[in-house]
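Right, one structure below, let's go through it.
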Protein chains: 2
Amino acid sequence: MTNYTDMWEKLNLDLKAHDSLMQVLGKFYGDIYLSQQGRLKGAEYLDFVLSEVHGLRVQELQDAKAQGRKIVGTFCVFVPEELTLAADAVQVGLCSGADAGTELAETLVPRNTCALIKSFMGFKLARLCPYIESCDLLVGETTCDGKKKAYEQLAEMAPIHIMEVPQKKDDHDRVLWKTEVLRYKQVIEKLTGKTITADKLKTAIKTVNAKRRALQRLNRLRAAEPAPISGRDVLLVNQISFYDDPVRFTAKINELCDEIEARIKQGQGVAPKGTPRLMLSGCPMAVPNWKLPYIIESSGAVIVSEESCIGSRNTRDLVDESTDTLEGMLDAIADRYLRIDCATFTPNTERLDNIVQLAKESKADGVIHYGLLFCQPYAHEFFKVDKALKDAGIPMLSIETDYSMEDVGQLKTRVEAFVEMLK
Amino acid sequence: MTNYTDMWEKLNLDLKAHDSLMQVLGKFYGDIYLSQQGRLKGAEYLDFVLSEVHGLRVQELQDAKAQGRKIVGTFCVFVPEELTLAADAVQVGLCSGADAGTELAETLVPRNTCALIKSFMGFKLARLCPYIESCDLLVGETTCDGKKKAYEQLAEMAPIHIMEVPQKKDDHDRVLWKTEVLRYKQVIEKLTGKTITADKLKTAIKTVNAKRRALQRLNRLRAAEPAPISGRDVLLVNQISFYDDPVRFTAKINELCDEIEARIKQGQGVAPKGTPRLMLSGCPMAVPNWKLPYIIESSGAVIVSEESCIGSRNTRDLVDESTDTLEGMLDAIADRYLRIDCATFTPNTERLDNIVQLAKESKADGVIHYGLLFCQPYAHEFFKVDKALKDAGIPMLSIETDYSMEDVGQLKTRVEAFVEMLK
């Protein structure tokens, strides 16, 4: 294994704390991922990427920087990767899935803040995330109150641009959002010193759409009975989609899908036919937040879909490719991102339709609604999701938790009871 | 005392529960307000209005309705009362300051929601608020996540229009907000069947500005040493400003101010010279949320300013009166409301300046930052307020609480220690 200590030192990480984190992560990954039976050969890619999560990929970012490319870090699915790529920059999602630097984070954000926000603040403050330290620019967005206000604190520590996401989806919201898309274009052009041309943007749109298509294909294949891939592995695929090179990632996921197709033809799966199939719905699960998926899949169920930002919310919609003008493509980008059914919009009824549709398409026997403690938008929508699923005759269990391991036993008991009921 | 039972019955209140609430409120008011020493004669107006809080004023609303006027209920300082009045409608702030129907509220909004939101949901669900039951239209706004999403539930129970407040204050946010102001104008014109003319709007702007000027005058007078009026009484004035008739209210507050001026000339106050002077800053305190002010003023301090929506945030800025065209006045309204330094904006640095300025103007010895538990925007800004006040050399105590009485003892201990430190 390559030694990345020099690189981490140059990035000013807290080496000792970072070593401990990597050790915990490695053990956690081994327990949750490598212990799986009947895994696909293509999962080797996932294992490799994860084993190099703070290594090779971060080295690639340094190499890109050495070649004059810029690195843009994001926290949310609203930042158009198409524009970042068209300006020849690299876009990476930032560390936010583990308890790290929580005490430090709580000196800048309230205790009653969701674990995801505390995590990215903690990673920065405790100098544990090589991605954020590699970034030339962070791009935040006005989605929930928690993130919006936390970015104000982050702005004191790193250069950050904030995209304003409107709160409704009326015509004048579209106008505001289009302005924000254009503004981001200016910001990224200024950062990179490169002009986004129609040709470059067309290529970037195709690159990002290809990534989404590969993930859509994966999601379609999972609908097979028995389930050909574990939910844990697909979650990992979605997580990796945020930081690996998009072209390589797409190729690897399509290879994985080829293998899954062969497996389906042979009637093989990761769990016996008749295993209760569950859909996850709600808050995003960032690397290495695998707690609940592991609990579910070690309780006799298999996860067949994720209605989440690190899941189908990020891959459902493509950017329209039918236009060739720069203006037309910018419009298509604005339209595509405004279709995201984030709980911070009001109203957000399309999410209810999408949930019921995805549950049916993925042949889910039940849904687990996942809320991060203190995430208000998804906690509020829980009541509506509950009703929509009841109306559709689909059972639901609501779980609210954070990144700690203290409630694992209690959650397992609840999940097991829910799975038992579905049998 | 007039018997309003018939009216309350017609409004479909839960009479039994409402009677209990009124009894508790009456006792609470007696303990907190009528027990005060050296009160102004003008406080009789406050006592009368409060004693008739669900009575005479609600009867006036019924009379207005009988004359064909419409009643608009609001939850926030972003709804332009100028437009409501110019359409000959009545605008009232709605009940949200007491634990009422909490269990019912928690069937529609998360447990981890601030007390103010749970309160207005609970008042509606438990049929305890004659104001909301008198409304022809509710007007909500996209400020915090909690309210934004709670209004979706409220929309199932009553007609509601949502104004989208932008999250930043750039040029294109102003465009969006202006559109929202125009849209509200359309909505209120449609509701009332009346056209808002330049003349009517001019009059309405003067009416609302006069109310703000009376409150500004009151705030200026309070800067006297010794403090000529208690913070409790001024909070009540601010609370009443949201639902009493604006012309009557303005006249009464100016009378109160005349009396205060006389008192100042005689060197009289409600507390001895040298009594520690405190400013409240943070979340709004709706009727009858008098818990913390009572604790403070029974701990040897006097409150001299409220940096809050039910306080100076709502009265600091006037609508520019220098224009006579309808379009110009609508612009002036849009501008005035976008100056509000609500914590849901990002960034919101002007609030820090306003806090320091108000603390100095009101000659506050210290500040108590008041957060409603689970109110994320103000909890986040606490960190910045803390720093701004430290930089200005003004001591601060942070209190986070809800509407329950369970923590009164603990809060009193903390407030007393803070006051002691200021002596």
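Labels for the structure tokens follow display order: chains A, B, ..., residues from 1 in each chain, ligands from 1.
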| said: Which residues are near A:Glu106? Cut-off 10 Å, only C-alpha atoms, ignore same chain within fewer than 6 positions. Put them as a ChimeraX atom specification. | reply: /A:112-113,118,121-122 /B:383
Would you save the residues from that selection as a PDB file, in the first residue's frame, using N, CA, C and O atoms?
ATOM      1  N   ASN A 112     -27.932  21.116  18.557  1.00  0.00           N
ATOM      2  CA  ASN A 112     -29.111  20.544  17.884  1.00  0.00           C
ATOM      3  C   ASN A 112     -29.024  20.672  16.363  1.00  0.00           C
ATOM      4  O   ASN A 112     -29.976  21.089  15.713  1.00  0.00           O
ATOM      5  N   THR A 113     -27.880  20.347  15.807  1.00  0.00           N
ATOM      6  CA  THR A 113     -27.692  20.366  14.360  1.00  0.00           C
ATOM      7  C   THR A 113     -27.524  18.931  13.897  1.00  0.00           C
ATOM      8  O   THR A 113     -26.984  18.106  14.628  1.00  0.00           O
ATOM      9  N   LYS A 118     -22.679  18.770  11.255  1.00  0.00           N
ATOM     10  CA  LYS A 118     -21.614  18.743  12.264  1.00  0.00           C
ATOM     11  C   LYS A 118     -20.399  18.024  11.723  1.00  0.00           C
ATOM     12  O   LYS A 118     -19.264  18.374  12.028  1.00  0.00           O
ATOM     13  N   MET A 121     -18.370  20.248   9.255  1.00  0.00           N
ATOM     14  CA  MET A 121     -17.710  21.287  10.046  1.00  0.00           C
ATOM     15  C   MET A 121     -16.566  20.665  10.857  1.00  0.00           C
ATOM     16  O   MET A 121     -15.468  21.218  10.942  1.00  0.00           O
ATOM     17  N   GLY A 122     -16.837  19.500  11.441  1.00  0.00           N
ATOM     18  CA  GLY A 122     -15.842  18.821  12.261  1.00  0.00           C
ATOM     19  C   GLY A 122     -14.643  18.359  11.438  1.00  0.00           C
ATOM     20  O   GLY A 122     -13.487  18.516  11.862  1.00  0.00           O
TER      21      GLY A 122
ATOM     22  N   PHE B 383     -23.753  32.186  17.779  1.00  0.00           N
ATOM     23  CA  PHE B 383     -22.285  32.175  17.812  1.00  0.00           C
ATOM     24  C   PHE B 383     -21.704  33.507  17.329  1.00  0.00           C
ATOM     25  O   PHE B 383     -20.715  34.000  17.849  1.00  0.00           O
TER      26      PHE B 383
END
Give me, as an mmCIF file with all heavy atoms, in the first residue's frame, all polymer residues having an atom no more than 8 Å from A:Ser362, counting only C-alpha atoms and skipping those fewer than 2 positions away in the same chain.
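Generated output (result.cif):
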data_model
loop_
_atom_site.group_PDB
_atom_site.id
_atom_site.type_symbol
_atom_site.label_atom_id
_atom_site.label_comp_id
_atom_site.auth_asym_id
_atom_site.auth_seq_id
_atom_site.Cartn_x
_atom_site.Cartn_y
_atom_site.Cartn_z
ATOM 1 N N ASN A 219 -30.098 0.708 -11.002
ATOM 2 C CA ASN A 219 -31.351 0.695 -10.236
ATOM 3 C C ASN A 219 -32.422 -0.151 -10.904
ATOM 4 O O ASN A 219 -33.211 -0.820 -10.233
ATOM 5 C CB ASN A 219 -31.849 2.125 -10.011
ATOM 6 C CG ASN A 219 -31.211 2.732 -8.768
ATOM 7 O OD1 ASN A 219 -30.940 2.034 -7.792
ATOM 8 N ND2 ASN A 219 -30.939 4.028 -8.810
ATOM 9 N N ARG A 220 -32.459 -0.115 -12.238
ATOM 10 C CA ARG A 220 -33.444 -0.968 -12.943
ATOM 11 C C ARG A 220 -33.137 -2.442 -12.718
ATOM 12 O O ARG A 220 -34.029 -3.249 -12.470
ATOM 13 C CB ARG A 220 -33.436 -0.662 -14.442
ATOM 14 C CG ARG A 220 -34.253 0.558 -14.842
ATOM 15 C CD ARG A 220 -34.520 0.579 -16.351
ATOM 16 N NE ARG A 220 -33.290 0.514 -17.117
ATOM 17 C CZ ARG A 220 -32.536 1.595 -17.435
ATOM 18 N NH1 ARG A 220 -32.900 2.796 -17.037
ATOM 19 N NH2 ARG A 220 -31.429 1.449 -18.147
ATOM 20 N N ARG A 222 -31.667 -3.865 -10.270
ATOM 21 C CA ARG A 222 -31.924 -4.304 -8.895
ATOM 22 C C ARG A 222 -33.362 -4.749 -8.677
ATOM 23 O O ARG A 222 -33.670 -5.379 -7.657
ATOM 24 C CB ARG A 222 -31.686 -3.158 -7.914
ATOM 25 C CG ARG A 222 -30.299 -2.737 -7.781
ATOM 26 C CD ARG A 222 -30.275 -1.393 -7.093
ATOM 27 N NE ARG A 222 -30.350 -1.535 -5.645
ATOM 28 C CZ ARG A 222 -30.502 -0.501 -4.837
ATOM 29 N NH1 ARG A 222 -30.644 0.726 -5.324
ATOM 30 N NH2 ARG A 222 -30.553 -0.677 -3.537
ATOM 31 N N ALA A 223 -34.226 -4.352 -9.577
ATOM 32 C CA ALA A 223 -35.637 -4.722 -9.413
ATOM 33 C C ALA A 223 -35.843 -6.227 -9.590
ATOM 34 O O ALA A 223 -36.907 -6.755 -9.265
ATOM 35 C CB ALA A 223 -36.500 -3.942 -10.411
ATOM 36 N N MET A 279 -37.073 -0.445 0.752
ATOM 37 C CA MET A 279 -36.596 0.789 0.157
ATOM 38 C C MET A 279 -36.215 1.740 1.283
ATOM 39 O O MET A 279 -36.907 1.815 2.303
ATOM 40 C CB MET A 279 -37.720 1.391 -0.683
ATOM 41 C CG MET A 279 -37.471 2.812 -1.144
ATOM 42 S SD MET A 279 -38.726 3.267 -2.384
ATOM 43 C CE MET A 279 -38.934 4.995 -1.992
ATOM 44 N N VAL A 304 -33.482 -2.484 -1.785
ATOM 45 C CA VAL A 304 -33.606 -2.524 -3.250
ATOM 46 C C VAL A 304 -33.699 -1.126 -3.884
ATOM 47 O O VAL A 304 -33.686 -1.008 -5.111
ATOM 48 C CB VAL A 304 -34.824 -3.372 -3.689
ATOM 49 C CG1 VAL A 304 -34.577 -4.841 -3.347
ATOM 50 C CG2 VAL A 304 -36.111 -2.872 -3.035
ATOM 51 N N SER A 305 -33.769 -0.080 -3.055
ATOM 52 C CA SER A 305 -33.789 1.280 -3.626
ATOM 53 C C SER A 305 -33.513 2.299 -2.527
ATOM 54 O O SER A 305 -33.796 2.053 -1.355
ATOM 55 C CB SER A 305 -35.136 1.578 -4.308
ATOM 56 O OG SER A 305 -36.228 1.109 -3.552
ATOM 57 N N LEU A 358 -41.096 4.730 -7.021
ATOM 58 C CA LEU A 358 -39.849 3.986 -6.856
ATOM 59 C C LEU A 358 -40.069 2.719 -6.033
ATOM 60 O O LEU A 358 -39.493 1.664 -6.331
ATOM 61 C CB LEU A 358 -38.782 4.872 -6.196
ATOM 62 C CG LEU A 358 -37.386 4.253 -6.040
ATOM 63 C CD1 LEU A 358 -36.775 3.885 -7.394
ATOM 64 C CD2 LEU A 358 -36.447 5.189 -5.283
ATOM 65 N N ALA A 359 -40.917 2.826 -5.017
ATOM 66 C CA ALA A 359 -41.208 1.634 -4.206
ATOM 67 C C ALA A 359 -41.820 0.539 -5.085
ATOM 68 O O ALA A 359 -41.472 -0.634 -4.968
ATOM 69 C CB ALA A 359 -42.148 1.998 -3.063
ATOM 70 N N LYS A 360 -42.707 0.962 -5.972
ATOM 71 C CA LYS A 360 -43.346 -0.030 -6.857
ATOM 72 C C LYS A 360 -42.356 -0.576 -7.885
ATOM 73 O O LYS A 360 -42.269 -1.783 -8.085
ATOM 74 C CB LYS A 360 -44.555 0.607 -7.558
ATOM 75 C CG LYS A 360 -45.725 0.816 -6.579
ATOM 76 C CD LYS A 360 -46.934 1.439 -7.255
ATOM 77 C CE LYS A 360 -48.085 1.586 -6.247
ATOM 78 N NZ LYS A 360 -49.179 2.420 -6.767
ATOM 79 N N ALA A 364 -40.489 -3.018 -3.745
ATOM 80 C CA ALA A 364 -40.225 -2.988 -2.304
ATOM 81 C C ALA A 364 -41.448 -3.482 -1.533
ATOM 82 O O ALA A 364 -42.574 -3.120 -1.858
ATOM 83 C CB ALA A 364 -39.871 -1.564 -1.874
#
| task | Please give the complete set of residues from stretch 56-283 of chain B that DSSP, run on the backbone, assigns to helix (DSSP H, G or I), formatted as a VMD selection string. | result | chain B and resid 56 to 66 81 to 86 102 to 105 115 to 125 130 to 134 145 to 154 171 to 192 198 to 221 231 to 240 246 to 265
| message | At a cut-off of 6 Å, using only C-alpha atoms, what residues contact stretch 71-84 of chain A? Leave out same-chain residues fewer than 6 positions from it and give the result as a ChimeraX atom specification. | response | /A:90-94,135-139,204-205
| Within 8 Å of chain B: residues of chain A, using only C-alpha atoms, as a VMD selection string | chain A and resid 107 to 110 112 to 113 142 144 to 146 148 to 150 152 164 166 to 168 172 to 173 176 179 344 346 to 347 374 376 to 377 379 to 381 383
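Across the model, the gap from atom CA of B:Gly282 to atom CA of B:Val319 is 23.4 Å.
For the residues B:Asn314, B:Thr195, B:Ser230, B:Ser281, ranking by smallest atom-to-atom distance to B:Asn209 using only C-alpha atoms places B:Asn314 first.
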Env of B:Val49: 12 Å cut, atoms = only C-alpha atoms, seq-sep filter 2 positions within chain, self excluded. Answer as a compact mmCIF listing (two decimals) with N, CA and C atoms, in the first residue's frame.
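File written: around-v7.txt
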# COMPACT_ATOMS: atom_id res chain seq x y z
N TYR B 29 -51.34 36.49 33.79
CA TYR B 29 -51.24 37.94 33.57
C TYR B 29 -51.24 38.69 34.89
N GLY B 42 -51.06 54.72 31.65
CA GLY B 42 -51.37 54.26 30.30
C GLY B 42 -51.38 52.74 30.16
N ALA B 43 -50.84 52.06 31.16
CA ALA B 43 -50.85 50.59 31.11
C ALA B 43 -52.26 50.04 31.25
N GLU B 44 -53.18 50.92 31.67
CA GLU B 44 -54.59 50.47 31.73
C GLU B 44 -55.07 49.99 30.37
N TYR B 45 -54.59 50.66 29.35
CA TYR B 45 -54.93 50.23 27.99
C TYR B 45 -54.45 48.79 27.74
N LEU B 46 -53.21 48.53 28.15
CA LEU B 46 -52.67 47.19 27.97
C LEU B 46 -53.49 46.16 28.75
N ASP B 47 -53.80 46.49 29.99
CA ASP B 47 -54.57 45.57 30.82
C ASP B 47 -55.94 45.29 30.20
N SER B 51 -57.22 41.80 28.84
CA SER B 51 -58.38 41.19 29.49
C SER B 51 -59.44 40.82 28.44
N GLU B 52 -59.37 41.50 27.30
CA GLU B 52 -60.34 41.25 26.22
C GLU B 52 -59.66 40.57 25.03
N VAL B 53 -58.55 39.88 25.31
CA VAL B 53 -57.73 39.37 24.20
C VAL B 53 -58.51 38.44 23.26
N HIS B 54 -59.36 37.61 23.81
CA HIS B 54 -60.19 36.75 22.97
C HIS B 54 -61.64 37.22 22.96
N GLY B 55 -61.84 38.45 23.46
CA GLY B 55 -63.20 38.96 23.57
C GLY B 55 -63.49 40.11 22.63
N LEU B 56 -63.31 41.32 23.16
CA LEU B 56 -63.73 42.51 22.41
C LEU B 56 -63.07 42.61 21.03
N ARG B 57 -61.75 42.36 20.98
CA ARG B 57 -61.07 42.50 19.69
C ARG B 57 -61.62 41.46 18.68
N VAL B 58 -61.90 40.28 19.17
CA VAL B 58 -62.44 39.25 18.27
C VAL B 58 -63.86 39.67 17.84
N LEU B 236 -45.37 43.70 25.95
CA LEU B 236 -46.81 43.60 25.76
C LEU B 236 -47.28 44.59 24.70
N VAL B 237 -46.74 45.80 24.74
CA VAL B 237 -47.07 46.80 23.72
C VAL B 237 -46.75 46.24 22.33
N GLN B 239 -46.46 43.15 21.47
CA GLN B 239 -47.35 42.02 21.16
C GLN B 239 -48.71 42.53 20.69
N ILE B 240 -49.23 43.53 21.40
CA ILE B 240 -50.54 44.08 21.05
C ILE B 240 -50.50 44.75 19.68
N SER B 241 -49.33 45.27 19.31
CA SER B 241 -49.22 45.94 18.01
C SER B 241 -49.57 45.02 16.85
N TYR B 243 -52.09 42.87 16.82
CA TYR B 243 -53.50 42.51 16.60
C TYR B 243 -54.53 43.59 16.93
N ASP B 244 -54.10 44.65 17.61
CA ASP B 244 -55.10 45.69 17.86
C ASP B 244 -55.26 46.57 16.61
N ASP B 245 -56.35 47.33 16.58
CA ASP B 245 -56.56 48.26 15.47
C ASP B 245 -55.37 49.24 15.42
N ARG B 248 -56.03 53.09 16.62
CA ARG B 248 -56.26 53.19 18.07
C ARG B 248 -54.96 52.90 18.82
N PHE B 249 -54.29 51.84 18.40
CA PHE B 249 -53.05 51.44 19.06
C PHE B 249 -52.04 52.59 19.06
N LYS B 252 -52.95 55.33 21.49
CA LYS B 252 -52.75 54.92 22.89
C LYS B 252 -51.27 54.89 23.25
N VAL B 287 -47.60 36.58 22.55
CA VAL B 287 -48.52 36.50 23.69
C VAL B 287 -48.86 35.04 23.95
Hey, what's within 12 Å of B:His18 if we count only C-alpha atoms and toss same-chain stuff fewer than 5 positions away? As a short mmCIF file (atom, residue, chain, number, x, y, z; two decimals) with N, CA, C and O atoms, in the first residue's frame, please?
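See selection_15.cif below for the written result:
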data_model
loop_
_atom_site.label_atom_id
_atom_site.label_comp_id
_atom_site.auth_asym_id
_atom_site.auth_seq_id
_atom_site.Cartn_x
_atom_site.Cartn_y
_atom_site.Cartn_z
N TYR B 4 -68.82 36.22 25.91
CA TYR B 4 -68.55 36.00 24.49
C TYR B 4 -68.78 34.55 24.06
O TYR B 4 -68.37 34.15 22.97
N THR B 5 -69.42 33.80 24.95
CA THR B 5 -69.55 32.36 24.68
C THR B 5 -70.23 32.08 23.34
O THR B 5 -69.79 31.20 22.59
N TRP B 8 -67.72 32.59 20.58
CA TRP B 8 -66.72 31.52 20.54
C TRP B 8 -67.34 30.22 20.01
O TRP B 8 -66.69 29.47 19.29
N GLU B 9 -68.59 30.03 20.35
CA GLU B 9 -69.26 28.82 19.87
C GLU B 9 -69.44 28.88 18.35
O GLU B 9 -69.21 27.91 17.65
N LEU B 11 -67.58 30.41 16.38
CA LEU B 11 -66.24 30.23 15.78
C LEU B 11 -65.74 28.79 15.93
O LEU B 11 -64.63 28.46 15.54
N ASN B 12 -66.62 27.96 16.52
CA ASN B 12 -66.32 26.53 16.66
C ASN B 12 -65.11 26.26 17.56
O ASN B 12 -64.35 25.32 17.34
N LEU B 13 -64.93 27.12 18.58
CA LEU B 13 -63.87 26.83 19.55
C LEU B 13 -64.27 25.65 20.43
O LEU B 13 -65.46 25.36 20.59
N GLN B 23 -58.61 31.03 31.81
CA GLN B 23 -58.38 31.13 33.27
C GLN B 23 -56.90 31.14 33.59
O GLN B 23 -56.42 31.96 34.38
N VAL B 24 -56.15 30.24 32.93
CA VAL B 24 -54.71 30.18 33.16
C VAL B 24 -54.06 31.49 32.74
O VAL B 24 -53.24 32.06 33.45
N LEU B 25 -54.49 31.98 31.58
CA LEU B 25 -53.93 33.21 31.05
C LEU B 25 -54.19 34.38 32.01
O LEU B 25 -53.31 35.19 32.28
N HIS B 54 -59.36 37.61 23.81
CA HIS B 54 -60.19 36.75 22.97
C HIS B 54 -61.64 37.22 22.96
O HIS B 54 -62.53 36.50 22.53
N GLY B 55 -61.84 38.45 23.46
CA GLY B 55 -63.20 38.96 23.57
C GLY B 55 -63.49 40.11 22.63
O GLY B 55 -63.78 39.90 21.45
N ALA B 100 -50.38 24.83 23.67
CA ALA B 100 -51.81 24.54 23.51
C ALA B 100 -51.93 23.51 22.40
O ALA B 100 -51.37 23.69 21.33
N GLY B 101 -52.61 22.44 22.69
CA GLY B 101 -52.77 21.41 21.66
C GLY B 101 -51.46 20.81 21.18
O GLY B 101 -51.35 20.38 20.04
N PHE B 123 -52.91 25.48 18.45
CA PHE B 123 -54.08 26.36 18.61
C PHE B 123 -55.13 26.05 17.54
O PHE B 123 -56.33 26.02 17.83
N LYS B 124 -54.66 25.81 16.32
CA LYS B 124 -55.61 25.50 15.24
C LYS B 124 -56.26 24.14 15.46
O LYS B 124 -57.49 24.00 15.41
N ALA B 126 -56.52 22.32 18.13
CA ALA B 126 -57.32 22.18 19.35
C ALA B 126 -58.48 23.17 19.39
O ALA B 126 -59.23 23.22 20.35
N ARG B 127 -58.63 23.96 18.35
CA ARG B 127 -59.71 24.96 18.24
C ARG B 127 -59.73 25.90 19.46
O ARG B 127 -60.72 26.01 20.16
N LEU B 128 -58.59 26.57 19.66
CA LEU B 128 -58.45 27.44 20.82
C LEU B 128 -58.19 28.89 20.46
O LEU B 128 -58.12 29.75 21.34
N CYS B 129 -57.99 29.18 19.17
CA CYS B 129 -57.62 30.55 18.77
C CYS B 129 -58.76 31.19 17.98
O CYS B 129 -59.01 30.82 16.82
N PRO B 130 -59.46 32.15 18.58
CA PRO B 130 -60.58 32.77 17.86
C PRO B 130 -60.11 33.63 16.68
O PRO B 130 -60.90 33.91 15.79
#
| said: Write out as a list in words the set of residues from stretch 5-243 of chain B that DSSP, computed on the backbone, places in strand (DSSP E). | reply: Ile71, Val72, Gly73, Thr74, Val90, Gln91, Val92, Gly93, Leu137, Leu138, Val139, Gly140, Glu141, Ile160, His161, Ile162 and Met163 of chain B
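Atom CA of B:Ile264 is found 25.4 Å from atom CA of B:Ser308.
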| query | What is the distance, in Å and to one decimal place, between atom CA of B:Lys390 and atom CA of B:Gly311? | reply | 22.7 Å
